[in-house]
Amino acid sequence: MSGNRGGGGRDKDGRAAVRAAVVGAPVVSAGQTAAPDPATDVFGFEMRPDGLYRLPGENKAPFRVCGRFDVIGETRPEDASHGWGLLLRWKNRDGDTVEWIMPRAMVASDGGEVRQRLASGGLDVSGSDSARAALRQYLSAVKVPARVRTVPRTGWHQAQGGCPVFVMPDCVIGETGGEVVRLDLDPAPTVYRSRGALDGWRAEVAARCVGNSRLVFGVACAFAAPLLHLIGDEGGGINLRGESSKGKTTIIDAAASVWGAPSKTGSDAFVRPWRATSNALEQVASTHNHALLPMDEMGQADPKEVGDSLYMLGNGMGKERARAAGGNRRNASWLTLVLSSSEESAASLTQQAGRRIKAGQEVRLLDVPAIVPGGFGCFDVLHGAADGGAFAQAIRRAVVAQHGTAAPAFLGWLAARMAADADFAAVAILRPLAAWMKAHVAAGVDGQVNRAARRLAVIAAAGELATEAGVTGWPAGAAAAAVGVIFRDWLLERGGVGSREDHHLFAAFRKFLALHGSARFEVVKEPSPEDDASQTEPPLVENVRTISRAGWRWQEVDAAGRRQWVHGMIPEIFAAEVAAPLGMEERDARQRLGKAGMIRGKKEGDGMRWTIKTQNVPGHGRPRLIVADPGALDSDGPGDMAEG
């Protein structure tokens, strides 16, 4: 892989803004590399001020191969096993500095790709056959003592001396210990751009978040992304779900402004679209490694690919792909936090394609309500704006003018703290994370709830750290409180702290009984005309048949003297029509219903059997059935209690 970076007007301004934003940590930027040891002379060549010349020998004039370039160092990847190259630097036709990591493998062929890349970067390259051969010969033979460490993606890198540094396209944030580090991507990501100043972002964007739970939460997500690697947590995401034109995109843009430009500002906006192939999403995720990945309008995605995309983004690994010459190429990999928006949940979108989203996929992208109850769409307060629309427009103007300075400032603060204290992550991140969990998560909750709460706790800790670093200007505790509101609203909408698989199973079981109770469950006994507990055989009605029988039903009288229908379901029907559509084994589904008190069981040894013999069915003896407790159809029954 190879990378490039330019020193043009916008990039110069961007690097200056980044350097101005970082407090307490040194920045090693593309234009600040110390003067390297010069490359050794290659016999028969001379690098002059106006370009590289071939010296053919006596009685022959030197000829110019190309414009001048400098060999800054020999590049080597993190594992140093393959992927070596040369870091080249030159001035383009506008006088701006350009750097390119040239893979040495390129000169093993005819060198055509090298010439194309240099010419594309604004270097004057001769097209003659002799010049082509000469350039390839020079690059094959040149040697330089300086070494440059290359990393294949943005994000944290353990620099020389063990200090973590954050590698960005145009700079490296943190103390490298003298090691020169470069991002090796070609083309280099252009989404990490900046405008304005940190003070302006704090005053115009962050200040408007105060008092707005969803805005504070979204911006805190942006600061949480780089913490995941530091504490060894998994990737995943948050989906803000709610009605259109209520402010969801405003939250996404405010969060994106921490790292780069908001949505609808061109192809290098930091907000990325959901409408993309899986291959394109891999590239996008790699670009946002250890950074926020804001994605607007999940409804634009192909419903058939939503579930797979959630798994891929959360797992942080692309598909296996074969090399043309045999073997497998190295997978794309990343660790990111996705902040998405949509009008529908991921589960609803997946169902449109005739598929079902799994609980594991739902946990990877937590679906949280974006609308504030009793608020102004997605906003709690408007800070003097006439209405929600005017407030959203004010934030839009602010993020267009002020973006890309908060993340470098926060990363610089983190890098400096980690360089000074090896236990920084354990003390400053994990302790407040654990405290938030203790304050908001009850003991004994389902593992899925605990996993979701852990992600929210990271976001809470990140928001508080960014405030401590002086980046946000928020009051202490504001971020933790806002994330607590989100967690509360998520639990309320979810339906409790139980397993999501249980929630789906209970709903499916109730739905089946409610839909098919009188049509597919044949009556075993009818109540007698007298209002007592006696039963009579059902009357024979000519030409009446139970079609596609799912089981039998009968009436029982409870302790309060009320008659209730009891349904006994054939296990094979339960397996095929209730458990299988949920991706569950019938035995597992029965055990879940039994433990929740929704079906009757019989103790056998140290365990329970969840199919029992009850009524004598004419022509069938006493079959083993899954017997639904009468309270299973009650919305306030045992199933709901198991959820919360």
# chains A, B, ... in the order shown; residues from 1 in each chain; ligands from 1
>>> select_by_dssp(residues="region 157-289 of chain A", states="strand (DSSP E)", output="list in words")
His157, Gln158, Pro164, Val165, Phe166, Val167, Cys171, Val172, Ile173, Val180, Val181, Arg182, Leu183, Gly236, Gly237, Ile238, Asn239, Leu240, Arg241, Arg272 and Pro273 of chain A
>>> residues_around(residues="Thr40 (chain A)", least_positions_apart="6", cutoff="8 Å", atoms="only C-alpha atoms", output="list in words")
Val142, Lys143 and Val144 of chain A
>>> residues_around(residues="region 265-271 of chain A", least_positions_apart="3", cutoff="7 Å", atoms="only C-alpha atoms", output="JSON, numbers by chain")
{"A": [190, 191, 256, 260, 261, 262, 294, 295, 296]}
>>> closest_residue(among="A:Asp558, A:Asp70, A:Glu113, A:Asp129", to="Gly51 (chain A)", atoms="only C-alpha atoms")
A:Asp70
>>> atom_distance(atom1="CA of Ala398 (chain A)", atom2="CA of Ala462 (chain A)")
22.5 Å
>>> select_by_dssp(residues="region 134-329 of chain A", states="alpha helix (DSSP H)", output="MDAnalysis selection string")
chainID A and resid 134:141 198:201 207:209 213:224 227:231 248:256 278:287 306:315
>>> write_last_selection(atoms="C-alpha atoms", output="CSV table (one decimal), in the first residue's frame")
chain,number,residue,atom,x,y,z
A,134,ALA,CA,17.0,5.4,-15.9
A,135,LEU,CA,14.4,6.3,-13.3
A,136,ARG,CA,13.7,2.7,-12.6
A,137,GLN,CA,17.4,2.0,-12.2
A,138,TYR,CA,17.9,4.9,-9.8
A,139,LEU,CA,15.0,4.0,-7.6
A,140,SER,CA,16.1,0.3,-7.5
A,141,ALA,CA,19.7,1.2,-6.4
A,198,LEU,CA,-11.1,25.1,18.9
A,199,ASP,CA,-12.4,28.2,20.7
A,200,GLY,CA,-14.9,28.8,18.0
A,201,TRP,CA,-16.1,25.2,18.0
A,207,ALA,CA,-22.2,25.4,24.0
A,208,ARG,CA,-25.5,24.7,22.2
A,209,CYS,CA,-25.3,21.1,23.3
A,213,SER,CA,-29.4,15.1,26.1
A,214,ARG,CA,-29.2,13.8,22.5
A,215,LEU,CA,-26.7,16.5,21.4
A,216,VAL,CA,-24.4,15.9,24.3
A,217,PHE,CA,-24.7,12.2,23.8
A,218,GLY,CA,-23.9,12.4,20.1
A,219,VAL,CA,-20.8,14.6,20.6
A,220,ALA,CA,-19.6,12.4,23.5
A,221,CYS,CA,-19.8,9.4,21.0
A,222,ALA,CA,-17.2,11.2,18.9
A,223,PHE,CA,-14.8,11.4,21.8
A,224,ALA,CA,-15.5,7.8,22.8
A,227,LEU,CA,-11.0,5.2,23.8
A,228,LEU,CA,-12.1,1.7,22.6
A,229,HIS,CA,-8.6,0.6,21.6
A,230,LEU,CA,-7.1,2.0,24.8
A,231,ILE,CA,-9.3,-0.1,27.0
A,248,LYS,CA,-31.4,13.6,13.9
A,249,THR,CA,-29.1,14.8,11.1
A,250,THR,CA,-28.2,17.8,13.3
A,251,ILE,CA,-27.0,15.4,16.0
A,252,ILE,CA,-24.9,13.5,13.5
A,253,ASP,CA,-23.4,16.7,12.1
A,254,ALA,CA,-22.5,18.0,15.6
A,255,ALA,CA,-20.8,14.7,16.4
A,256,ALA,CA,-19.0,14.7,13.0
A,278,SER,CA,-20.0,-4.1,1.5
A,279,ASN,CA,-16.6,-3.6,-0.2
A,280,ALA,CA,-17.1,0.2,-0.1
A,281,LEU,CA,-18.1,0.0,3.6
A,282,GLU,CA,-14.9,-1.9,4.4
A,283,GLN,CA,-12.9,1.0,2.9
A,284,VAL,CA,-14.9,3.6,4.8
A,285,ALA,CA,-14.5,1.7,8.1
A,286,SER,CA,-10.8,1.4,7.6
A,287,THR,CA,-10.6,5.2,7.0
A,306,VAL,CA,-28.3,-4.3,6.8
A,307,GLY,CA,-27.7,-7.2,9.1
A,308,ASP,CA,-24.5,-8.3,7.5
A,309,SER,CA,-23.2,-4.7,7.5
A,310,LEU,CA,-23.9,-4.4,11.3
A,311,TYR,CA,-21.9,-7.6,11.9
A,312,MET,CA,-19.0,-6.5,9.7
A,313,LEU,CA,-18.8,-3.0,11.2
A,314,GLY,CA,-18.9,-4.3,14.7
A,315,ASN,CA,-16.5,-7.2,14.2
